[in-house]
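All remarks here apply to the structure that follows.
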Amino acid sequence: MSGAPVRSQRIAELEHALANGFPSESTVVVHVDDASGRLTIQVSWVRVPSDEDAREWRCTVDLRFEPDVITRYASLGAADRLRVRTVLCDHARRAVDERKPRVEEAAIECNVALDVTRAELDAALRAP
């Protein structure tokens, strides 16, 4: 199997995990490669409350992967990739939770950007 299909499959794994990590009918996951080789996976969603007094959520999470991180992730076995996905999703959810707005705001807007470095990948692999 050549590198491009494997890379695409591994990116799809990450996108699927992130979409499941932020479930909403409006969840959208996209990825973009820039000229430097950095990959950004963006998850965005709007959650409209069922209660009229509740606030609407509009959130975006960007995970920015250093060029060699996706290559390294793609080379891992299935169990290690699952561990990495679990840790990344947990970090992203915690980052969103830390960005909760003040009570008087009409809508909850959160924008989170996380850099995924080789060190982050190594830490995820060491996680229990």
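To be explicit about the labels: the chains of the structure tokens are called A, B, and onward in the order shown, and within each one the residues are counted from 1, while ligands get numbers from 1 in the order they are shown.
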Check your understanding: Leaving out A:Ala95 and any residue of its chain fewer than 3 positions from it, which residues lie within 12 Å of it when counting only C-alpha atoms, given as a ChimeraX atom specification?
Key -> /A:59-63,88-92,98-100,110-115
Same residues, N, CA and C atoms, output as a PDB file, in the first residue's frame:
```pdb
ATOM      1  N   CYS A  59     -19.028  26.433  18.167  1.00  0.00           N
ATOM      2  CA  CYS A  59     -17.650  26.115  18.537  1.00  0.00           C
ATOM      3  C   CYS A  59     -16.827  25.621  17.352  1.00  0.00           C
ATOM      4  N   THR A  60     -15.537  25.889  17.447  1.00  0.00           N
ATOM      5  CA  THR A  60     -14.573  25.414  16.465  1.00  0.00           C
ATOM      6  C   THR A  60     -13.329  24.949  17.204  1.00  0.00           C
ATOM      7  N   VAL A  61     -12.852  23.784  16.842  1.00  0.00           N
ATOM      8  CA  VAL A  61     -11.598  23.263  17.387  1.00  0.00           C
ATOM      9  C   VAL A  61     -10.672  22.970  16.213  1.00  0.00           C
ATOM     10  N   ASP A  62      -9.482  23.545  16.256  1.00  0.00           N
ATOM     11  CA  ASP A  62      -8.449  23.272  15.252  1.00  0.00           C
ATOM     12  C   ASP A  62      -7.339  22.461  15.897  1.00  0.00           C
ATOM     13  N   LEU A  63      -7.043  21.310  15.340  1.00  0.00           N
ATOM     14  CA  LEU A  63      -5.867  20.548  15.745  1.00  0.00           C
ATOM     15  C   LEU A  63      -4.847  20.705  14.635  1.00  0.00           C
ATOM     16  N   LEU A  88      -6.032  12.749  22.190  1.00  0.00           N
ATOM     17  CA  LEU A  88      -6.257  14.002  21.461  1.00  0.00           C
ATOM     18  C   LEU A  88      -7.696  14.495  21.636  1.00  0.00           C
ATOM     19  N   CYS A  89      -8.654  13.592  21.551  1.00  0.00           N
ATOM     20  CA  CYS A  89     -10.055  13.984  21.739  1.00  0.00           C
ATOM     21  C   CYS A  89     -10.292  14.499  23.153  1.00  0.00           C
ATOM     22  N   ASP A  90      -9.681  13.847  24.138  1.00  0.00           N
ATOM     23  CA  ASP A  90      -9.813  14.284  25.525  1.00  0.00           C
ATOM     24  C   ASP A  90      -9.222  15.682  25.704  1.00  0.00           C
ATOM     25  N   HIS A  91      -8.038  15.924  25.156  1.00  0.00           N
ATOM     26  CA  HIS A  91      -7.417  17.253  25.244  1.00  0.00           C
ATOM     27  C   HIS A  91      -8.299  18.307  24.581  1.00  0.00           C
ATOM     28  N   ALA A  92      -8.856  17.983  23.440  1.00  0.00           N
ATOM     29  CA  ALA A  92      -9.709  18.936  22.721  1.00  0.00           C
ATOM     30  C   ALA A  92     -10.975  19.249  23.518  1.00  0.00           C
ATOM     31  N   GLU A  98     -12.731  24.546  29.059  1.00  0.00           N
ATOM     32  CA  GLU A  98     -12.034  25.648  29.726  1.00  0.00           C
ATOM     33  C   GLU A  98     -12.393  27.001  29.132  1.00  0.00           C
ATOM     34  N   ARG A  99     -12.980  27.030  27.956  1.00  0.00           N
ATOM     35  CA  ARG A  99     -13.302  28.281  27.267  1.00  0.00           C
ATOM     36  C   ARG A  99     -14.767  28.695  27.446  1.00  0.00           C
ATOM     37  N   LYS A 100     -15.431  28.174  28.448  1.00  0.00           N
ATOM     38  CA  LYS A 100     -16.847  28.512  28.632  1.00  0.00           C
ATOM     39  C   LYS A 100     -17.001  30.018  28.883  1.00  0.00           C
ATOM     40  N   CYS A 110     -16.891  29.379  21.208  1.00  0.00           N
ATOM     41  CA  CYS A 110     -15.569  28.950  21.640  1.00  0.00           C
ATOM     42  C   CYS A 110     -14.749  28.570  20.418  1.00  0.00           C
ATOM     43  N   ASN A 111     -13.535  29.052  20.416  1.00  0.00           N
ATOM     44  CA  ASN A 111     -12.587  28.738  19.355  1.00  0.00           C
ATOM     45  C   ASN A 111     -11.312  28.263  20.027  1.00  0.00           C
ATOM     46  N   VAL A 112     -10.945  27.042  19.748  1.00  0.00           N
ATOM     47  CA  VAL A 112      -9.779  26.434  20.377  1.00  0.00           C
ATOM     48  C   VAL A 112      -8.826  25.964  19.292  1.00  0.00           C
ATOM     49  N   ALA A 113      -7.544  26.226  19.487  1.00  0.00           N
ATOM     50  CA  ALA A 113      -6.515  25.726  18.570  1.00  0.00           C
ATOM     51  C   ALA A 113      -5.471  24.986  19.395  1.00  0.00           C
ATOM     52  N   LEU A 114      -5.197  23.763  19.016  1.00  0.00           N
ATOM     53  CA  LEU A 114      -4.204  22.943  19.706  1.00  0.00           C
ATOM     54  C   LEU A 114      -3.137  22.506  18.715  1.00  0.00           C
ATOM     55  N   ASP A 115      -1.879  22.696  19.092  1.00  0.00           N
ATOM     56  CA  ASP A 115      -0.773  22.224  18.268  1.00  0.00           C
ATOM     57  C   ASP A 115      -0.432  20.802  18.681  1.00  0.00           C
TER      58      ASP A 115
END
```
Taking only stretch 69-106 of chain A into account, list the residues labelled alpha helix (DSSP H) by DSSP (computed from the backbone), as a PDB file with N, CA and C atoms, in the first residue's frame.
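Result file follows (part35.pdb):
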```pdb
ATOM      1  N   VAL A  69       4.251  14.513  12.319  1.00  0.00           N
ATOM      2  CA  VAL A  69       3.384  13.838  13.290  1.00  0.00           C
ATOM      3  C   VAL A  69       2.397  12.899  12.597  1.00  0.00           C
ATOM      4  N   ILE A  70       1.787  13.330  11.505  1.00  0.00           N
ATOM      5  CA  ILE A  70       0.841  12.460  10.793  1.00  0.00           C
ATOM      6  C   ILE A  70       1.568  11.244  10.225  1.00  0.00           C
ATOM      7  N   THR A  71       2.770  11.446   9.715  1.00  0.00           N
ATOM      8  CA  THR A  71       3.558  10.327   9.190  1.00  0.00           C
ATOM      9  C   THR A  71       3.845   9.327  10.300  1.00  0.00           C
ATOM     10  N   ARG A  72       4.236   9.837  11.448  1.00  0.00           N
ATOM     11  CA  ARG A  72       4.519   8.950  12.586  1.00  0.00           C
ATOM     12  C   ARG A  72       3.245   8.259  13.051  1.00  0.00           C
ATOM     13  N   TYR A  73       2.153   9.004  13.166  1.00  0.00           N
ATOM     14  CA  TYR A  73       0.873   8.423  13.566  1.00  0.00           C
ATOM     15  C   TYR A  73       0.485   7.295  12.610  1.00  0.00           C
ATOM     16  N   ALA A  74       0.642   7.516  11.314  1.00  0.00           N
ATOM     17  CA  ALA A  74       0.272   6.517  10.305  1.00  0.00           C
ATOM     18  C   ALA A  74       1.092   5.241  10.435  1.00  0.00           C
ATOM     19  N   SER A  75       2.301   5.345  10.985  1.00  0.00           N
ATOM     20  CA  SER A  75       3.169   4.172  11.118  1.00  0.00           C
ATOM     21  C   SER A  75       2.870   3.345  12.365  1.00  0.00           C
ATOM     22  N   ALA A  78      -2.576  -0.380  15.391  1.00  0.00           N
ATOM     23  CA  ALA A  78      -3.962   0.004  15.671  1.00  0.00           C
ATOM     24  C   ALA A  78      -4.176   0.414  17.124  1.00  0.00           C
ATOM     25  N   ALA A  79      -3.612  -0.324  18.079  1.00  0.00           N
ATOM     26  CA  ALA A  79      -3.809  -0.008  19.498  1.00  0.00           C
ATOM     27  C   ALA A  79      -3.193   1.343  19.858  1.00  0.00           C
ATOM     28  N   ASP A  80      -2.002   1.608  19.338  1.00  0.00           N
ATOM     29  CA  ASP A  80      -1.357   2.895  19.617  1.00  0.00           C
ATOM     30  C   ASP A  80      -2.106   4.050  18.959  1.00  0.00           C
ATOM     31  N   ARG A  81      -2.615   3.843  17.754  1.00  0.00           N
ATOM     32  CA  ARG A  81      -3.392   4.905  17.102  1.00  0.00           C
ATOM     33  C   ARG A  81      -4.657   5.202  17.897  1.00  0.00           C
ATOM     34  N   LEU A  82      -5.313   4.164  18.416  1.00  0.00           N
ATOM     35  CA  LEU A  82      -6.503   4.361  19.240  1.00  0.00           C
ATOM     36  C   LEU A  82      -6.149   5.168  20.485  1.00  0.00           C
ATOM     37  N   ARG A  83      -5.046   4.834  21.120  1.00  0.00           N
ATOM     38  CA  ARG A  83      -4.600   5.562  22.309  1.00  0.00           C
ATOM     39  C   ARG A  83      -4.389   7.043  21.975  1.00  0.00           C
ATOM     40  N   VAL A  84      -3.720   7.312  20.867  1.00  0.00           N
ATOM     41  CA  VAL A  84      -3.460   8.699  20.453  1.00  0.00           C
ATOM     42  C   VAL A  84      -4.775   9.427  20.185  1.00  0.00           C
ATOM     43  N   ARG A  85      -5.685   8.805  19.458  1.00  0.00           N
ATOM     44  CA  ARG A  85      -6.973   9.450  19.159  1.00  0.00           C
ATOM     45  C   ARG A  85      -7.740   9.764  20.434  1.00  0.00           C
ATOM     46  N   THR A  86      -7.733   8.823  21.376  1.00  0.00           N
ATOM     47  CA  THR A  86      -8.441   9.019  22.637  1.00  0.00           C
ATOM     48  C   THR A  86      -7.872  10.208  23.397  1.00  0.00           C
ATOM     49  N   VAL A  87      -6.553  10.282  23.489  1.00  0.00           N
ATOM     50  CA  VAL A  87      -5.905  11.381  24.212  1.00  0.00           C
ATOM     51  C   VAL A  87      -6.155  12.716  23.509  1.00  0.00           C
ATOM     52  N   LEU A  88      -6.032  12.749  22.190  1.00  0.00           N
ATOM     53  CA  LEU A  88      -6.257  14.002  21.461  1.00  0.00           C
ATOM     54  C   LEU A  88      -7.696  14.495  21.636  1.00  0.00           C
ATOM     55  N   CYS A  89      -8.654  13.592  21.551  1.00  0.00           N
ATOM     56  CA  CYS A  89     -10.055  13.984  21.739  1.00  0.00           C
ATOM     57  C   CYS A  89     -10.292  14.499  23.153  1.00  0.00           C
ATOM     58  N   ASP A  90      -9.681  13.847  24.138  1.00  0.00           N
ATOM     59  CA  ASP A  90      -9.813  14.284  25.525  1.00  0.00           C
ATOM     60  C   ASP A  90      -9.222  15.682  25.704  1.00  0.00           C
ATOM     61  N   HIS A  91      -8.038  15.924  25.156  1.00  0.00           N
ATOM     62  CA  HIS A  91      -7.417  17.253  25.244  1.00  0.00           C
ATOM     63  C   HIS A  91      -8.299  18.307  24.581  1.00  0.00           C
ATOM     64  N   ALA A  92      -8.856  17.983  23.440  1.00  0.00           N
ATOM     65  CA  ALA A  92      -9.709  18.936  22.721  1.00  0.00           C
ATOM     66  C   ALA A  92     -10.975  19.249  23.518  1.00  0.00           C
ATOM     67  N   ARG A  93     -11.612  18.227  24.083  1.00  0.00           N
ATOM     68  CA  ARG A  93     -12.828  18.454  24.887  1.00  0.00           C
ATOM     69  C   ARG A  93     -12.522  19.299  26.112  1.00  0.00           C
ATOM     70  N   ARG A  94     -11.399  19.005  26.783  1.00  0.00           N
ATOM     71  CA  ARG A  94     -11.025  19.798  27.959  1.00  0.00           C
ATOM     72  C   ARG A  94     -10.739  21.250  27.581  1.00  0.00           C
ATOM     73  N   ALA A  95     -10.098  21.461  26.450  1.00  0.00           N
ATOM     74  CA  ALA A  95      -9.808  22.826  26.000  1.00  0.00           C
ATOM     75  C   ALA A  95     -11.106  23.595  25.733  1.00  0.00           C
ATOM     76  N   VAL A  96     -12.095  22.938  25.142  1.00  0.00           N
ATOM     77  CA  VAL A  96     -13.391  23.582  24.910  1.00  0.00           C
ATOM     78  C   VAL A  96     -14.055  23.896  26.242  1.00  0.00           C
ATOM     79  N   ASP A  97     -14.039  22.958  27.182  1.00  0.00           N
ATOM     80  CA  ASP A  97     -14.658  23.176  28.492  1.00  0.00           C
ATOM     81  C   ASP A  97     -14.023  24.353  29.229  1.00  0.00           C
ATOM     82  N   GLU A  98     -12.731  24.546  29.059  1.00  0.00           N
ATOM     83  CA  GLU A  98     -12.034  25.648  29.726  1.00  0.00           C
ATOM     84  C   GLU A  98     -12.393  27.001  29.132  1.00  0.00           C
TER      85      GLU A  98
END
```
Point to revise | Within 6 Å of A:Leu39 using only C-alpha atoms, minus same-chain residues under 5 positions, as a ChimeraX atom specification | key: /A:32-33,64-65
Go ahead and dump the residues you just picked, C-alpha atoms, as a compact mmCIF listing (two decimals), in the first residue's frame.
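This is the output file again_20.txt:
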```
# COMPACT_ATOMS: atom_id res chain seq x y z
CA VAL A 32 -6.30 21.34 5.17
CA ASP A 33 -2.64 20.82 4.29
CA ARG A 64 -2.68 21.61 13.97
CA PHE A 65 -0.33 18.70 13.30
```
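For the atom pair formed by atom CA of A:Thr40 and atom CA of A:Trp57, the distance is 21.9 Å, given to one decimal.
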Practice item. Go through A:Leu76, A:Asn20, A:Glu52, A:Arg58 and flag the residue nearest A:Val6, using only C-alpha atoms for the distances. Key: A:Leu76
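Nearest residue to A:Arg7 among A:Ala107, A:Asp122, A:Asp68, A:Ala54 is A:Asp68, counting only C-alpha atoms.
Pairwise distance (atom CA of A:Leu14, atom CA of A:Val28) equals 13.1 Å.
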Exercise for review: Using DSSP on the backbone coordinates, identify the residues of chain A assigned to strand (DSSP E); present them as a PyMOL selection string.
Suggested key: chain A and resi 28-33+39-47+56-65+107-116
Please save N, CA and C atoms of the selected residues as a short mmCIF file (atom, residue, chain, number, x, y, z; two decimals), in the first residue's frame.
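Heads up, here's the output in result.cif:
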```cif
data_model
loop_
_atom_site.label_atom_id
_atom_site.label_comp_id
_atom_site.auth_asym_id
_atom_site.auth_seq_id
_atom_site.Cartn_x
_atom_site.Cartn_y
_atom_site.Cartn_z
N VAL A 28 -19.19 19.37 11.62
CA VAL A 28 -18.49 19.33 10.34
C VAL A 28 -17.00 19.18 10.63
N VAL A 29 -16.35 18.26 9.93
CA VAL A 29 -14.91 18.06 10.11
C VAL A 29 -14.25 18.21 8.75
N VAL A 30 -13.25 19.06 8.69
CA VAL A 30 -12.50 19.26 7.45
C VAL A 30 -11.01 19.27 7.77
N HIS A 31 -10.20 19.01 6.77
CA HIS A 31 -8.76 19.12 6.98
C HIS A 31 -8.13 19.88 5.82
N VAL A 32 -7.02 20.54 6.15
CA VAL A 32 -6.30 21.34 5.17
C VAL A 32 -4.82 21.12 5.37
N ASP A 33 -4.11 20.87 4.28
CA ASP A 33 -2.64 20.82 4.29
C ASP A 33 -2.16 22.19 3.83
N LEU A 39 -0.72 19.94 8.83
CA LEU A 39 -2.10 19.53 8.59
C LEU A 39 -2.96 20.11 9.70
N THR A 40 -4.06 20.73 9.35
CA THR A 40 -5.02 21.22 10.34
C THR A 40 -6.32 20.48 10.13
N ILE A 41 -6.80 19.87 11.21
CA ILE A 41 -8.12 19.24 11.21
C ILE A 41 -9.02 20.15 12.04
N GLN A 42 -10.09 20.62 11.42
CA GLN A 42 -11.01 21.52 12.11
C GLN A 42 -12.35 20.83 12.32
N VAL A 43 -12.83 20.91 13.56
CA VAL A 43 -14.15 20.39 13.92
C VAL A 43 -14.98 21.61 14.31
N SER A 44 -16.14 21.75 13.71
CA SER A 44 -17.02 22.87 14.08
C SER A 44 -18.44 22.35 14.24
N TRP A 45 -19.18 23.01 15.11
CA TRP A 45 -20.55 22.59 15.32
C TRP A 45 -21.36 23.73 15.94
N VAL A 46 -22.66 23.63 15.75
CA VAL A 46 -23.62 24.53 16.39
C VAL A 46 -24.61 23.63 17.10
N ARG A 47 -24.81 23.90 18.35
CA ARG A 47 -25.79 23.13 19.11
C ARG A 47 -26.89 24.09 19.55
N GLU A 56 -27.17 29.05 22.73
CA GLU A 56 -26.71 28.27 21.58
C GLU A 56 -25.18 28.15 21.65
N TRP A 57 -24.68 27.00 21.27
CA TRP A 57 -23.23 26.77 21.21
C TRP A 57 -22.76 26.90 19.78
N ARG A 58 -21.70 27.67 19.56
CA ARG A 58 -21.02 27.76 18.25
C ARG A 58 -19.54 27.57 18.54
N CYS A 59 -19.03 26.43 18.17
CA CYS A 59 -17.65 26.11 18.54
C CYS A 59 -16.83 25.62 17.35
N THR A 60 -15.54 25.89 17.45
CA THR A 60 -14.57 25.41 16.47
C THR A 60 -13.33 24.95 17.20
N VAL A 61 -12.85 23.78 16.84
CA VAL A 61 -11.60 23.26 17.39
C VAL A 61 -10.67 22.97 16.21
N ASP A 62 -9.48 23.55 16.26
CA ASP A 62 -8.45 23.27 15.25
C ASP A 62 -7.34 22.46 15.90
N LEU A 63 -7.04 21.31 15.34
CA LEU A 63 -5.87 20.55 15.75
C LEU A 63 -4.85 20.71 14.64
N ARG A 64 -3.71 21.32 14.97
CA ARG A 64 -2.68 21.61 13.97
C ARG A 64 -1.52 20.64 14.18
N PHE A 65 -1.34 19.75 13.22
CA PHE A 65 -0.33 18.70 13.30
C PHE A 65 0.94 19.14 12.60
N ALA A 107 -24.88 33.79 23.45
CA ALA A 107 -24.50 32.52 22.82
C ALA A 107 -23.12 32.11 23.33
N ILE A 108 -22.88 30.84 23.30
CA ILE A 108 -21.58 30.32 23.70
C ILE A 108 -20.75 30.18 22.44
N GLU A 109 -19.69 30.94 22.38
CA GLU A 109 -18.78 30.83 21.23
C GLU A 109 -17.42 30.44 21.76
N CYS A 110 -16.89 29.38 21.21
CA CYS A 110 -15.57 28.95 21.64
C CYS A 110 -14.75 28.57 20.42
N ASN A 111 -13.54 29.05 20.42
CA ASN A 111 -12.59 28.74 19.36
C ASN A 111 -11.31 28.26 20.03
N VAL A 112 -10.94 27.04 19.75
CA VAL A 112 -9.78 26.43 20.38
C VAL A 112 -8.83 25.96 19.29
N ALA A 113 -7.54 26.23 19.49
CA ALA A 113 -6.51 25.73 18.57
C ALA A 113 -5.47 24.99 19.39
N LEU A 114 -5.20 23.76 19.02
CA LEU A 114 -4.20 22.94 19.71
C LEU A 114 -3.14 22.51 18.72
N ASP A 115 -1.88 22.70 19.09
CA ASP A 115 -0.77 22.22 18.27
C ASP A 115 -0.43 20.80 18.68
N VAL A 116 -0.39 19.91 17.72
CA VAL A 116 -0.03 18.52 17.99
C VAL A 116 1.39 18.32 17.48
#
```
